[in-house]
Structure formats: C-alpha cells, structure tokens
$ cat my_file26.cif   # mmCIF, C-alpha atoms
data_my_file
loop_
_atom_site.label_atom_id
_atom_site.label_comp_id
_atom_site.auth_asym_id
_atom_site.auth_seq_id
_atom_site.Cartn_x
_atom_site.Cartn_y
_atom_site.Cartn_z
CA MET A 11 -78.01 -38.16 11.90
CA THR A 12 -76.90 -41.19 13.89
CA THR A 13 -73.58 -42.75 12.97
CA MET A 14 -73.70 -46.53 12.88
CA TYR A 15 -71.30 -48.35 15.16
CA SER A 16 -68.41 -49.99 13.37
CA PRO A 17 -65.53 -51.94 14.99
CA SER A 18 -63.11 -50.28 12.58
CA ASN A 19 -64.31 -46.80 13.63
CA SER A 20 -63.82 -47.78 17.25
CA LEU A 21 -60.26 -48.91 16.55
CA HIS A 22 -59.48 -45.74 14.59
CA ASN A 23 -60.42 -43.59 17.58
CA LEU A 24 -57.89 -45.30 19.80
CA PRO A 25 -54.50 -43.68 20.41
CA SER A 26 -51.79 -45.12 18.17
CA GLU A 27 -49.90 -46.62 21.12
CA ILE A 28 -52.95 -48.60 22.27
CA LEU A 29 -53.84 -49.64 18.73
CA TRP A 30 -50.28 -50.87 18.20
CA ASN A 31 -50.44 -52.84 21.44
CA ILE A 32 -53.69 -54.53 20.40
CA ILE A 33 -52.39 -55.45 16.95
CA SER A 34 -49.24 -56.94 18.46
CA PHE A 35 -51.42 -59.81 19.76
CA PHE A 36 -52.83 -60.63 16.32
CA SER A 37 -51.91 -63.87 14.58
CA LEU A 38 -50.47 -63.66 11.08
CA GLU A 39 -53.83 -64.63 9.61
CA GLN A 40 -55.56 -61.91 11.66
CA LEU A 41 -52.99 -59.37 10.50
CA SER A 42 -53.58 -60.34 6.87
CA ASN A 43 -57.34 -59.83 7.34
CA ALA A 44 -57.16 -56.62 9.40
CA ARG A 45 -54.88 -54.90 6.87
CA LEU A 46 -57.78 -54.96 4.39
CA VAL A 47 -60.09 -52.91 6.65
CA SER A 48 -58.50 -49.47 6.23
CA LYS A 49 -55.31 -47.62 5.38
CA LYS A 50 -54.61 -46.92 9.04
CA LEU A 51 -54.87 -50.58 10.02
CA ARG A 52 -52.79 -51.56 7.00
CA HIS A 53 -50.07 -49.17 8.17
CA PHE A 54 -49.90 -50.96 11.53
CA CYS A 55 -50.43 -54.51 10.25
CA ASP A 56 -47.76 -54.20 7.55
CA HIS A 57 -45.03 -53.06 9.91
CA PRO A 58 -41.86 -55.10 9.18
CA SER A 59 -41.53 -56.19 12.81
CA HIS A 60 -44.55 -58.49 12.29
CA TRP A 61 -43.15 -60.14 9.17
CA LYS A 62 -39.40 -60.61 9.55
CA HIS A 63 -39.50 -63.75 11.70
CA LEU A 64 -42.51 -66.02 11.20
CA ARG A 65 -44.04 -69.11 12.81
CA LEU A 66 -46.56 -70.50 10.34
CA VAL A 67 -49.17 -73.05 11.44
CA PRO A 68 -51.95 -74.12 9.03
CA PRO A 69 -55.18 -72.25 9.86
CA GLN A 70 -57.07 -75.54 10.28
CA GLN A 71 -54.60 -76.94 12.83
CA GLN A 72 -55.70 -74.76 15.74
CA TYR A 73 -59.29 -75.96 15.32
CA GLN A 74 -58.15 -79.57 15.19
CA GLN A 75 -56.20 -79.08 18.42
CA GLN A 76 -59.29 -77.67 20.12
CA ASP A 77 -61.44 -80.62 19.06
CA ASN A 78 -61.44 -83.02 22.01
CA HIS A 79 -62.95 -85.72 19.84
CA THR A 80 -59.99 -85.80 17.45
CA ASN A 81 -57.90 -88.80 18.37
CA ASN A 82 -56.36 -89.55 15.00
CA LYS A 83 -52.68 -89.36 15.78
CA SER A 84 -51.70 -90.23 12.22
CA SER A 85 -53.16 -87.04 10.76
CA ILE A 86 -51.18 -83.86 10.19
CA VAL A 87 -52.69 -80.68 8.78
CA LEU A 88 -50.94 -79.30 5.69
CA TRP A 89 -50.85 -75.81 4.26
CA GLN A 90 -52.75 -75.04 1.08
CA LEU A 91 -50.72 -72.83 -1.25
CA ASN A 92 -53.52 -70.31 -1.79
CA ASP A 93 -53.88 -69.82 1.99
CA LEU A 94 -50.16 -69.23 2.37
CA GLU A 95 -49.98 -66.84 -0.58
CA ARG A 96 -52.86 -64.78 0.78
CA ILE A 97 -51.00 -64.23 4.06
CA LEU A 98 -47.43 -63.77 2.80
CA LYS A 99 -47.65 -62.19 -0.64
CA PRO A 100 -47.60 -58.50 0.48
CA HIS A 101 -44.57 -59.14 2.71
CA LEU A 102 -42.27 -61.44 0.72
CA ASN A 103 -39.41 -58.91 0.57
CA ILE A 104 -39.41 -58.49 4.36
CA ILE A 105 -39.29 -62.12 5.51
CA GLN A 106 -35.96 -63.31 6.95
CA SER A 107 -36.78 -66.46 8.90
CA ILE A 108 -39.61 -68.98 8.87
CA GLN A 109 -40.54 -71.95 11.02
CA ILE A 110 -43.46 -73.65 9.30
CA TRP A 111 -45.59 -76.68 10.17
CA GLY A 112 -47.35 -78.93 7.65
CA VAL A 113 -45.48 -78.45 4.37
CA ARG A 114 -45.62 -80.05 0.95
CA ASP A 115 -43.41 -79.71 -2.13
CA ASN A 116 -45.12 -76.66 -3.61
CA ILE A 117 -45.09 -74.85 -0.25
CA VAL A 118 -41.33 -75.25 0.17
CA ARG A 119 -40.68 -74.29 -3.45
CA TYR A 120 -42.85 -71.16 -3.08
CA LEU A 121 -40.92 -69.99 0.00
CA LEU A 122 -37.52 -70.55 -1.57
CA GLN A 123 -38.48 -68.97 -4.87
CA HIS A 124 -40.38 -65.90 -3.65
CA CYS A 125 -38.68 -64.84 -0.39
CA PRO A 126 -35.42 -63.23 -1.60
CA HIS A 127 -34.12 -62.43 1.89
CA LEU A 128 -35.06 -65.71 3.57
CA ASN A 129 -31.94 -66.86 5.42
CA ASP A 130 -33.35 -69.25 8.03
CA LEU A 131 -35.92 -71.96 7.22
CA THR A 132 -37.22 -74.77 9.43
CA LEU A 133 -39.68 -77.25 7.93
CA CYS A 134 -41.74 -79.21 10.47
CA GLY A 135 -43.85 -82.16 9.38
CA TRP A 136 -45.16 -83.32 6.01
CA THR A 137 -46.85 -86.29 4.40
CA THR A 138 -44.58 -86.41 1.38
CA LEU A 139 -41.51 -84.34 0.60
CA SER A 140 -39.51 -84.99 -2.54
CA ASN A 141 -36.64 -83.59 -4.60
CA HIS A 142 -39.11 -81.29 -6.36
CA ALA A 143 -39.44 -79.19 -3.21
CA PHE A 144 -35.87 -77.94 -3.66
CA ARG A 145 -35.72 -77.63 -7.44
CA ILE A 146 -36.05 -73.92 -8.01
CA PRO A 147 -36.73 -72.90 -11.62
CA SER A 148 -34.40 -70.28 -13.07
CA SER A 149 -34.95 -67.90 -15.96
CA SER A 150 -31.35 -68.32 -17.10
CA SER A 151 -28.88 -71.17 -17.50
CA THR A 152 -27.26 -70.16 -14.19
CA PRO A 153 -28.99 -71.63 -11.10
CA LYS A 154 -30.72 -69.06 -8.93
CA LYS A 155 -28.73 -68.22 -5.80
CA LEU A 156 -30.61 -68.38 -2.50
CA ALA A 157 -29.93 -66.38 0.66
CA LEU A 158 -30.33 -69.34 3.05
CA ARG A 159 -27.84 -69.58 5.90
CA ARG A 160 -29.64 -72.28 7.87
CA LEU A 161 -31.99 -75.04 6.72
CA GLU A 162 -33.59 -77.63 9.01
CA LEU A 163 -36.02 -80.45 8.25
CA ILE A 164 -37.78 -81.90 11.31
CA GLY A 165 -40.12 -84.83 10.79
CA THR A 166 -43.15 -85.82 12.85
CA ASP A 167 -43.61 -89.04 14.80
CA GLN A 168 -47.33 -89.00 13.93
CA GLN A 169 -46.71 -90.66 10.56
CA PRO A 170 -43.85 -91.72 8.26
CA ASN A 171 -41.61 -88.68 7.80
CA TYR A 172 -39.42 -89.81 4.92
CA ALA A 173 -37.94 -87.07 2.73
CA ALA A 174 -37.05 -88.33 -0.74
CA ILE A 175 -34.04 -86.05 -1.12
CA ASP A 176 -31.10 -87.62 -2.90
CA ALA A 177 -27.41 -86.74 -3.03
CA ARG A 178 -27.67 -84.87 -6.34
CA THR A 179 -30.44 -82.60 -5.04
CA LEU A 180 -28.44 -81.92 -1.89
CA GLY A 181 -25.41 -81.06 -4.03
CA ASP A 182 -27.53 -78.66 -6.09
CA LEU A 183 -28.90 -77.09 -2.91
CA LEU A 184 -25.44 -76.48 -1.47
CA THR A 185 -24.44 -74.87 -4.76
CA GLN A 186 -27.52 -72.64 -4.89
CA CYS A 187 -27.03 -71.55 -1.26
CA PRO A 188 -23.43 -70.24 -1.16
CA ASN A 189 -23.92 -68.88 2.38
CA LEU A 190 -25.57 -72.00 3.86
CA SER A 191 -23.64 -72.75 7.06
CA GLU A 192 -26.01 -75.04 9.00
CA LEU A 193 -27.92 -77.97 7.53
CA MET A 194 -29.95 -80.47 9.56
CA LEU A 195 -32.01 -83.30 8.06
CA GLY A 196 -33.82 -84.56 11.18
CA CYS A 197 -36.07 -87.02 9.40
CA GLN A 198 -35.96 -90.33 7.56
CA VAL A 199 -33.60 -89.56 4.71
CA HIS A 200 -31.00 -91.51 2.76
CA ILE A 201 -28.07 -89.46 1.48
CA HIS A 202 -25.60 -91.80 -0.22
CA ALA A 203 -22.19 -90.59 0.97
CA LYS A 204 -20.12 -91.55 -2.08
CA THR A 205 -22.65 -90.03 -4.49
CA LEU A 206 -22.81 -86.77 -2.51
CA ILE A 207 -19.04 -86.41 -2.59
CA LYS A 208 -19.01 -87.09 -6.33
CA GLU A 209 -21.71 -84.47 -6.92
CA LEU A 210 -19.86 -81.88 -4.82
CA LYS A 211 -16.63 -82.47 -6.73
CA LYS A 212 -18.41 -81.78 -10.01
CA ARG A 213 -19.61 -78.45 -8.65
CA MET A 214 -16.32 -77.25 -7.19
CA PRO A 215 -14.62 -74.09 -8.55
CA HIS A 216 -11.87 -74.80 -11.07
CA ASP A 217 -9.31 -73.00 -8.94
CA GLN A 218 -9.50 -75.44 -6.02
CA ASN A 219 -6.87 -77.83 -7.37
CA GLN A 220 -9.51 -79.87 -9.12
CA PRO A 221 -9.17 -81.00 -12.75
CA ASN A 222 -11.25 -79.02 -15.19
CA ASN A 223 -13.19 -81.57 -17.21
CA SER A 224 -14.54 -79.50 -20.09
CA ASN A 225 -16.47 -82.51 -21.37
CA ASP A 226 -18.51 -82.84 -18.20
CA ASN A 227 -22.16 -82.21 -18.98
CA ASP A 228 -22.60 -80.68 -15.53
CA ALA A 229 -19.84 -78.12 -15.97
CA ASN A 230 -22.36 -75.29 -16.11
CA ASN A 231 -23.49 -76.24 -12.59
CA LEU A 232 -20.11 -75.67 -10.96
CA SER A 233 -20.13 -73.44 -7.92
CA SER A 234 -18.43 -70.05 -8.24
CA SER A 235 -17.27 -70.08 -4.61
CA PRO A 236 -16.29 -72.66 -1.98
CA ILE A 237 -19.10 -74.23 0.04
CA GLN A 238 -19.55 -72.39 3.35
CA LEU A 239 -21.18 -75.26 5.26
CA ARG A 240 -20.01 -75.38 8.90
CA SER A 241 -22.36 -77.95 10.44
CA LEU A 242 -24.07 -80.98 8.88
CA LYS A 243 -26.51 -83.14 10.85
CA LEU A 244 -28.04 -86.22 9.27
CA ALA A 245 -30.49 -88.72 10.74
CA THR A 246 -28.70 -91.55 8.97
CA ARG A 247 -25.60 -93.72 9.23
CA ARG A 248 -25.91 -96.03 6.25
CA THR A 249 -23.18 -95.72 3.57
CA TRP A 250 -21.16 -93.29 5.69
CA SER A 251 -17.59 -94.04 6.80
CA GLN A 252 -14.78 -91.94 8.21
CA ARG A 253 -13.22 -91.79 4.76
CA HIS A 254 -16.36 -90.14 3.40
CA VAL A 255 -16.42 -87.61 6.22
CA ALA A 256 -12.71 -86.86 5.69
CA GLU A 257 -13.38 -86.20 2.00
CA LEU A 258 -16.32 -83.98 2.95
CA PHE A 259 -14.04 -81.95 5.24
CA ASP A 260 -11.67 -81.53 2.32
CA LEU A 261 -14.41 -80.38 -0.06
CA CYS A 262 -15.98 -78.01 2.49
CA PRO A 263 -13.16 -75.91 4.01
CA GLN A 264 -15.45 -74.30 6.61
CA LEU A 265 -17.05 -77.57 7.78
CA GLU A 266 -16.40 -78.11 11.49
CA ARG A 267 -18.63 -81.03 12.41
CA VAL A 268 -20.71 -83.84 10.96
CA CYS A 269 -23.36 -85.39 13.20
CA LEU A 270 -24.80 -88.81 12.25
CA PHE A 271 -27.78 -89.16 14.55
CA LEU A 272 -30.24 -91.91 13.69
CA ALA A 273 -32.55 -91.23 16.66
CA ALA A 274 -33.67 -87.97 15.02
CA ALA A 275 -35.26 -89.98 12.19
CA LYS A 276 -38.27 -90.89 14.35
CA GLY A 277 -39.36 -87.24 14.44
CA LEU A 278 -41.14 -85.18 17.09
CA ASP A 279 -44.71 -84.73 18.27
CA LEU A 280 -45.53 -81.69 16.12
CA LYS A 281 -49.23 -81.56 17.04
CA LYS A 282 -48.08 -79.44 19.97
CA GLU A 283 -47.12 -75.90 18.96
CA LYS A 284 -43.62 -75.87 20.37
CA ASP A 285 -40.32 -74.59 19.10
CA ALA A 286 -39.42 -77.60 16.96
CA ARG A 287 -35.81 -76.52 16.63
CA HIS A 288 -35.41 -76.36 20.41
CA GLU A 289 -37.17 -79.71 20.84
CA MET A 290 -34.83 -81.40 18.35
CA HIS A 291 -31.82 -79.88 20.10
CA GLN A 292 -33.10 -81.21 23.42
CA LEU A 293 -33.54 -84.67 21.87
CA MET A 294 -29.94 -84.66 20.70
CA MET A 295 -28.64 -83.44 24.04
CA SER A 296 -30.63 -86.11 25.92
CA ASN A 297 -28.81 -88.73 23.85
CA ASN A 298 -25.45 -86.99 24.13
CA SER A 299 -24.05 -89.62 26.51
CA LYS A 300 -24.56 -92.25 23.82
CA LEU A 301 -22.74 -90.30 21.13
CA GLN A 302 -19.17 -91.03 20.13
CA GLU A 303 -17.09 -87.93 19.46
CA VAL A 304 -14.24 -88.35 16.98
CA SER A 305 -11.70 -85.87 15.67
CA LEU A 306 -10.74 -86.31 12.04
CA GLU A 307 -8.41 -84.56 9.63
CA PRO A 308 -9.28 -83.94 5.98
CA ASN A 309 -7.22 -85.58 3.26
CA SER A 310 -6.71 -88.72 5.35
CA ASP A 311 -4.51 -91.23 3.56
CA GLY A 312 -4.74 -94.98 3.57
CA GLU A 313 -7.39 -97.54 2.82
CA GLU A 314 -10.96 -97.18 3.99
CA GLY A 315 -10.49 -100.04 6.40
CA ASP A 316 -7.64 -98.18 8.10
CA LEU A 317 -9.81 -95.12 8.62
CA ASN A 318 -12.61 -97.14 10.18
CA GLU A 319 -10.36 -99.08 12.48
CA GLY A 320 -11.20 -98.58 16.15
CA VAL A 321 -14.41 -96.65 15.48
CA ASP A 322 -17.84 -98.15 14.97
CA MET A 323 -19.62 -96.01 12.35
CA ALA A 324 -22.84 -97.90 13.10
CA THR A 325 -23.31 -95.85 16.28
CA ASP A 326 -24.54 -92.28 16.55
CA MET A 327 -21.59 -89.94 16.56
CA ILE A 328 -20.30 -86.42 16.14
CA ILE A 329 -17.24 -86.17 13.91
CA LEU A 330 -15.21 -82.99 14.42
CA ARG A 331 -12.56 -81.51 12.19
CA SER A 332 -9.22 -81.98 13.92
CA THR A 333 -7.93 -78.72 15.42
CA SER A 334 -4.51 -79.46 13.91
CA SER A 335 -6.03 -79.01 10.43
CA LEU A 336 -7.54 -75.58 11.15
#
$ encode --input "my_file26.cif" --output "structure tokens"
Amino acid sequence: MTTMYSPSNSLHNLPSEILWNIISFFSLEQLSNARLVSKKLRHFCDHPSHWKHLRLVPPQQQYQQQDNHTNNKSSIVLWQLNDLERILKPHLNIIQSIQIWGVRDNIVRYLLQHCPHLNDLTLCGWTTLSNHAFRIPSSSSTPKKLALRRLELIGTDQQPNYAAIDARTLGDLLTQCPNLSELMLGCQVHIHAKTLIKELKKRMPHDQNQPNNSNDNDANNLSSSPIQLRSLKLATRRTWSQRHVAELFDLCPQLERVCLFLAAAKGLDLKKEKDARHEMHQLMMSNNSKLQEVSLEPNSDGEEGDLNEGVDMATDMIILRSTSSL
C-alpha cells in the first residue's frame, strides 16, 4: 500500500533540531497556522520564545508593500480584531512586549485587557485613536491594574496621526499602570498641563501630604501607590510652562525628565518595516542640537512669570529634575 506524500509527514521525519531551525524562520501568522497541523508542530510553534516579544504587522500590509502599483501614500493598513485574536489567543499569558503597526481603539483595548504580563507596548500608526482605546473595563469598582512599564505611541507621516487622548484619560492610565516608568506620545496630541496636574492630584495617595477630600466623587479612583514615571516625552508644547513641569516633578517622585518635542508630532514613514522606536530615537537625536536643556527643582516657589523668565517654553526642550533635589 502506497503512502501518500504529505508535507506534514515530511516535516515529522526531520530531526528535532532541523525542524526547530525551520520553524524559527516562520512569521507569527505562519506559526499560528502550522500549530494546527499536528501535536508535534504545535509543540514547536507554541514555544514561549516565539511569543514573548512580538512585532505585529497586519497580514495585508506585506502584500501592499509588494504591489509596485500601489502609490497611495495616504493609506495605512489596520489590523482586524478577529485576525489578531486568531494569532494571539493561545499565547496571551506569555506575551511580554509588543510593537504593533496599524492599530485602532479595539485593538489597543484588547491587548491591554487580555495580555496580563504585557510590560512594553509600542503602537505605530492608526487612522483614529481615541480615549476609548485606554479605557479598560473592570469587573469591580477598583480599576484594573496593568503590568505596563513602557508605553509609546508613534504616529505615521502618511496621514493625520492625531490621538484624541485627554488629560483625564492619561491620569487614569498612570493610575492603572503603577509600574509605568517610560511614556512617549510621539504623535499629534494635546495634553492640557493644568488639567493633567489636577487629575493626578485627585488620584494621589492620602498619605502624600495631600488633603483628603471625602466629598470628591473621584475618591475611589485614587492611586494606592506613588506614580513611578521616570521619563515623559510629549510631542506638544502648548499649555506647558516650567511651573507645570515643576508641579509634575513634585507629584511624580521618580520623574527625572520631561521632553517637549514638537517635531515628533509629524510622525514617521511606517510603510517601511523598521524598528519604529529606534527611528523615533534617531529623529530626536538628529534634532538634539536644537533642544534646550533645563534643570528644574520641584516645589518651585514664585509666580509663573518668574519661573518662565529666561527660558522660552515655545522651543523644543528637555527639562531635567535638578540633581540637588534628588
């Protein structure tokens, strides 16, 4: 009796070392398909080393890049939630870091809600991104705590990259991510400084020399621990003054630097599959000669005009916590 040829049988006959080497070249989509062929392939395809640190590009994007007749620079391919779920669902408890291209609100919300060990997230390119992306439903009155340590939003220059994230949502996010140490909003975003500071004060622990206003309707949203943020980078300058940054240093004891960098708002060319985080870093370094670097102490006294004197907050700048205050 003749045995019919089957690609899976051929793979099964290979030594494990060779099979492992072949599978190591698979894309995430190929891994998610190959794991359905047999138990042996599932064993190799489900290995945690494939799923801890992910670079996720929409399946349609690679075909668009190969199409020489596609000249529509304004288009960006977005993930569909069912495609993403199909690839990630068996591995949600393994994932630790994600760099993903082409997101929308429900994609971001899915990642934050269903990846309990996700500590590093970079979002690259979207058509619309709103507050709803970061509003994570909770089964109790206490907001769900997230494991994020680093969050970066990097817009695309192929179309408007505005993120409709307001100060209240950012305050909620910092509260829900007690270990978040690095935050970069490298896109068109407007975070009103005074409102952000007000929102953070409402969420501060009662033992940080802040008055306990029992009548505050947001009292149940107060953070149980100080904010751990160490680095904040915003592609904005409007509404920000040195007084606001000084207050932010006071509210965030671990905060070392605030970077106001408007050039990042124009975004990057994300149609090329590059490391977006590295590209944004290179953009900032290429403009480093134009940046003003200012040291500032928290709890600065005096009027706002005194704090702004001698420094033009309308220019890109890095504001560092004064070493005398550490």
$ residues_around --input "my_file26.cif" --residues "Asp130 in chain A" --least-positions-apart "6" --cutoff "7 Å" --atoms "only C-alpha atoms" --output "list in words"
Gln106, Ser107, Ile108, Leu158, Arg159, Arg160 and Leu161 of chain A
$ closest_residue --input "my_file26.cif" --among "A:Trp89, A:Trp61, A:Phe144, A:Tyr120" --to "Leu183 in chain A" --atoms "all atoms listed in the file"
A:Phe144
$ residues_around --input "my_file26.cif" --residues "Ser26 in chain A" --least-positions-apart "3" --cutoff "12 Å" --atoms "all atoms listed in the file" --output "PyMOL selection string"
chain A and resi 21-23+29-33+50-51+53-54
$ resolve_selection --input "my_file26.cif" --expression "the PyMOL selection byres ((chain A and resi 88) around 7)" --output "list in words"
Pro68, Ile86, Val87, Trp89, Gln90, Gly112 and Val113 of chain A
$ closest_residue --input "my_file26.cif" --among "A:Thr205, A:Asn141, A:Ser332, A:Ser241" --to "Leu190 in chain A" --atoms "all atoms listed in the file"
A:Ser241
$ resolve_selection --input "my_file26.cif" --expression "the PyMOL selection byres ((chain A and resi 126) around 10)" --output "PDB file with C-alpha atoms, keeping the file's coordinate frame"
ATOM      1  CA  LEU A 102     -42.270 -61.440   0.720  1.00  0.00           C
ATOM      2  CA  ASN A 103     -39.410 -58.910   0.570  1.00  0.00           C
ATOM      3  CA  ILE A 104     -39.410 -58.490   4.360  1.00  0.00           C
ATOM      4  CA  ILE A 105     -39.290 -62.120   5.510  1.00  0.00           C
ATOM      5  CA  GLN A 106     -35.960 -63.310   6.950  1.00  0.00           C
ATOM      6  CA  LEU A 121     -40.920 -69.990   0.000  1.00  0.00           C
ATOM      7  CA  LEU A 122     -37.520 -70.550  -1.570  1.00  0.00           C
ATOM      8  CA  GLN A 123     -38.480 -68.970  -4.870  1.00  0.00           C
ATOM      9  CA  HIS A 124     -40.380 -65.900  -3.650  1.00  0.00           C
ATOM     10  CA  CYS A 125     -38.680 -64.840  -0.390  1.00  0.00           C
ATOM     11  CA  HIS A 127     -34.120 -62.430   1.890  1.00  0.00           C
ATOM     12  CA  LEU A 128     -35.060 -65.710   3.570  1.00  0.00           C
ATOM     13  CA  ASN A 129     -31.940 -66.860   5.420  1.00  0.00           C
ATOM     14  CA  LYS A 155     -28.730 -68.220  -5.800  1.00  0.00           C
ATOM     15  CA  LEU A 156     -30.610 -68.380  -2.500  1.00  0.00           C
ATOM     16  CA  ALA A 157     -29.930 -66.380   0.660  1.00  0.00           C
ATOM     17  CA  LEU A 158     -30.330 -69.340   3.050  1.00  0.00           C
TER      18      LEU A 158
END
$ resolve_selection --input "my_file26.cif" --expression "the PyMOL selection byres ((chain A and resi 97) around 9)" --output "PyMOL selection string"
chain A and resi 38-39+41-43+92-96+98-101
$ axis_aligned_box --input "my_file26.cif" --around "range 17-35 of chain A" --padding-each-side "4 Å" --output "AutoDock Vina command-line options"
--center_x -57.4 --center_y -51.7 --center_z 17.4 --size_x 24.3 --size_y 24.2 --size_z 17.7
$ residues_around --input "my_file26.cif" --residues "Leu139 in chain A" --least-positions-apart "6" --cutoff "9 Å" --atoms "all atoms listed in the file" --output "PyMOL selection string"
chain A and resi 113-115+171-175
$ atom_distance --input "my_file26.cif" --atom1 "CA of Leu163 in chain A" --atom2 "CA of Arg65 in chain A"
14.6 Å
$ closest_residue --input "my_file26.cif" --among "A:Leu206, A:Leu242, A:Lys154, A:Ile328" --to "Glu257 in chain A" --atoms "only C-alpha atoms"
A:Leu206
$ atom_distance --input "my_file26.cif" --atom1 "CA of Arg253 in chain A" --atom2 "CA of Glu209 in chain A"
16.2 Å
$ atom_distance --input "my_file26.cif" --atom1 "CA of Ser305 in chain A" --atom2 "CA of Phe259 in chain A"
11.4 Å
$ closest_residue --input "my_file26.cif" --among "A:Asp176, A:Trp136, A:Arg240, A:Phe35" --to "Glu266 in chain A" --atoms "all atoms listed in the file"
A:Arg240
$ residues_around --input "my_file26.cif" --residues "Leu210 in chain A" --least-positions-apart "4" --cutoff "8 Å" --atoms "only C-alpha atoms" --output "ChimeraX atom specification"
/A:181,206,214,261
$ closest_residue --input "my_file26.cif" --among "A:His142, A:Lys49, A:Arg267, A:Arg178" --to "Met194 in chain A" --atoms "only C-alpha atoms"
A:Arg267
$ closest_residue --input "my_file26.cif" --among "A:Thr249, A:Ser140, A:Ser37, A:Leu133" --to "Gly196 in chain A" --atoms "all atoms listed in the file"
A:Leu133
$ decode --input "my_file26.cif" --residues "range 131-211 of chain A" --atoms "C-alpha atoms" --output "compact mmCIF listing (two decimals), in the first residue's frame"
# COMPACT_ATOMS: atom_id res chain seq x y z
CA LEU A 131 3.87 48.31 24.23
CA THR A 132 4.66 50.41 21.16
CA LEU A 133 1.78 51.49 18.93
CA CYS A 134 2.77 52.51 15.39
CA GLY A 135 0.28 54.20 13.09
CA TRP A 136 -3.51 54.49 13.12
CA THR A 137 -6.31 56.34 11.40
CA THR A 138 -8.16 57.26 14.57
CA LEU A 139 -7.17 56.66 18.17
CA SER A 140 -9.35 57.93 21.00
CA ASN A 141 -9.74 57.78 24.76
CA HIS A 142 -11.71 54.55 24.37
CA ALA A 143 -8.52 52.70 23.44
CA PHE A 144 -7.24 53.09 27.02
CA ARG A 145 -10.48 52.66 28.95
CA ILE A 146 -10.22 49.14 30.28
CA PRO A 147 -13.44 47.71 31.72
CA SER A 148 -13.21 46.28 35.23
CA SER A 149 -15.42 43.73 36.94
CA SER A 150 -15.14 45.59 40.25
CA SER A 151 -15.24 49.20 41.41
CA THR A 152 -11.43 49.18 41.61
CA PRO A 153 -9.70 49.94 38.27
CA LYS A 154 -7.81 47.00 36.80
CA LYS A 155 -4.05 47.29 37.32
CA LEU A 156 -1.88 46.81 34.24
CA ALA A 157 1.68 45.49 34.09
CA LEU A 158 2.94 48.12 31.62
CA ARG A 159 6.38 49.58 32.28
CA ARG A 160 6.80 51.35 28.95
CA LEU A 161 4.20 52.75 26.55
CA GLU A 162 4.99 54.53 23.27
CA LEU A 163 2.70 55.98 20.61
CA ILE A 164 4.39 56.69 17.27
CA GLY A 165 2.33 58.30 14.54
CA THR A 166 2.76 58.00 10.78
CA ASP A 167 3.54 60.81 8.36
CA GLN A 168 1.34 59.12 5.73
CA GLN A 169 -1.83 60.70 7.16
CA PRO A 170 -3.03 62.75 10.15
CA ASN A 171 -1.85 60.95 13.28
CA TYR A 172 -3.84 62.74 15.96
CA ALA A 173 -4.55 60.79 19.14
CA ALA A 174 -7.61 62.11 20.97
CA ILE A 175 -6.23 61.33 24.42
CA ASP A 176 -7.07 63.91 27.07
CA ALA A 177 -5.55 64.69 30.45
CA ARG A 178 -8.14 62.71 32.40
CA THR A 179 -7.50 59.55 30.38
CA LEU A 180 -3.77 59.98 30.84
CA GLY A 181 -4.30 60.39 34.59
CA ASP A 182 -6.37 57.19 34.66
CA LEU A 183 -3.69 55.37 32.67
CA LEU A 184 -0.92 56.39 35.07
CA THR A 185 -3.08 55.18 37.95
CA GLN A 186 -3.84 51.85 36.30
CA CYS A 187 -0.16 51.28 35.46
CA PRO A 188 1.63 51.67 38.82
CA ASN A 189 4.93 50.43 37.32
CA LEU A 190 4.86 52.61 34.18
CA SER A 191 8.27 54.31 34.04
CA GLU A 192 8.53 55.46 30.40
CA LEU A 193 5.77 57.19 28.44
CA MET A 194 6.20 58.68 24.96
CA LEU A 195 3.39 60.26 22.94
CA GLY A 196 5.16 60.79 19.61
CA CYS A 197 2.12 61.93 17.68
CA GLN A 198 -0.28 64.86 17.40
CA VAL A 199 -1.72 65.02 20.89
CA HIS A 200 -2.93 67.78 23.19
CA ILE A 201 -2.45 67.12 26.90
CA HIS A 202 -3.57 70.19 28.83
CA ALA A 203 -0.91 70.64 31.52
CA LYS A 204 -3.06 72.23 34.23
CA THR A 205 -5.81 69.62 33.81
CA LEU A 206 -3.32 66.74 33.95
CA ILE A 207 -1.86 68.03 37.21
CA LYS A 208 -5.34 68.44 38.67
CA GLU A 209 -6.27 64.88 37.68
CA LEU A 210 -3.06 63.47 39.18
CA LYS A 211 -3.66 65.28 42.46
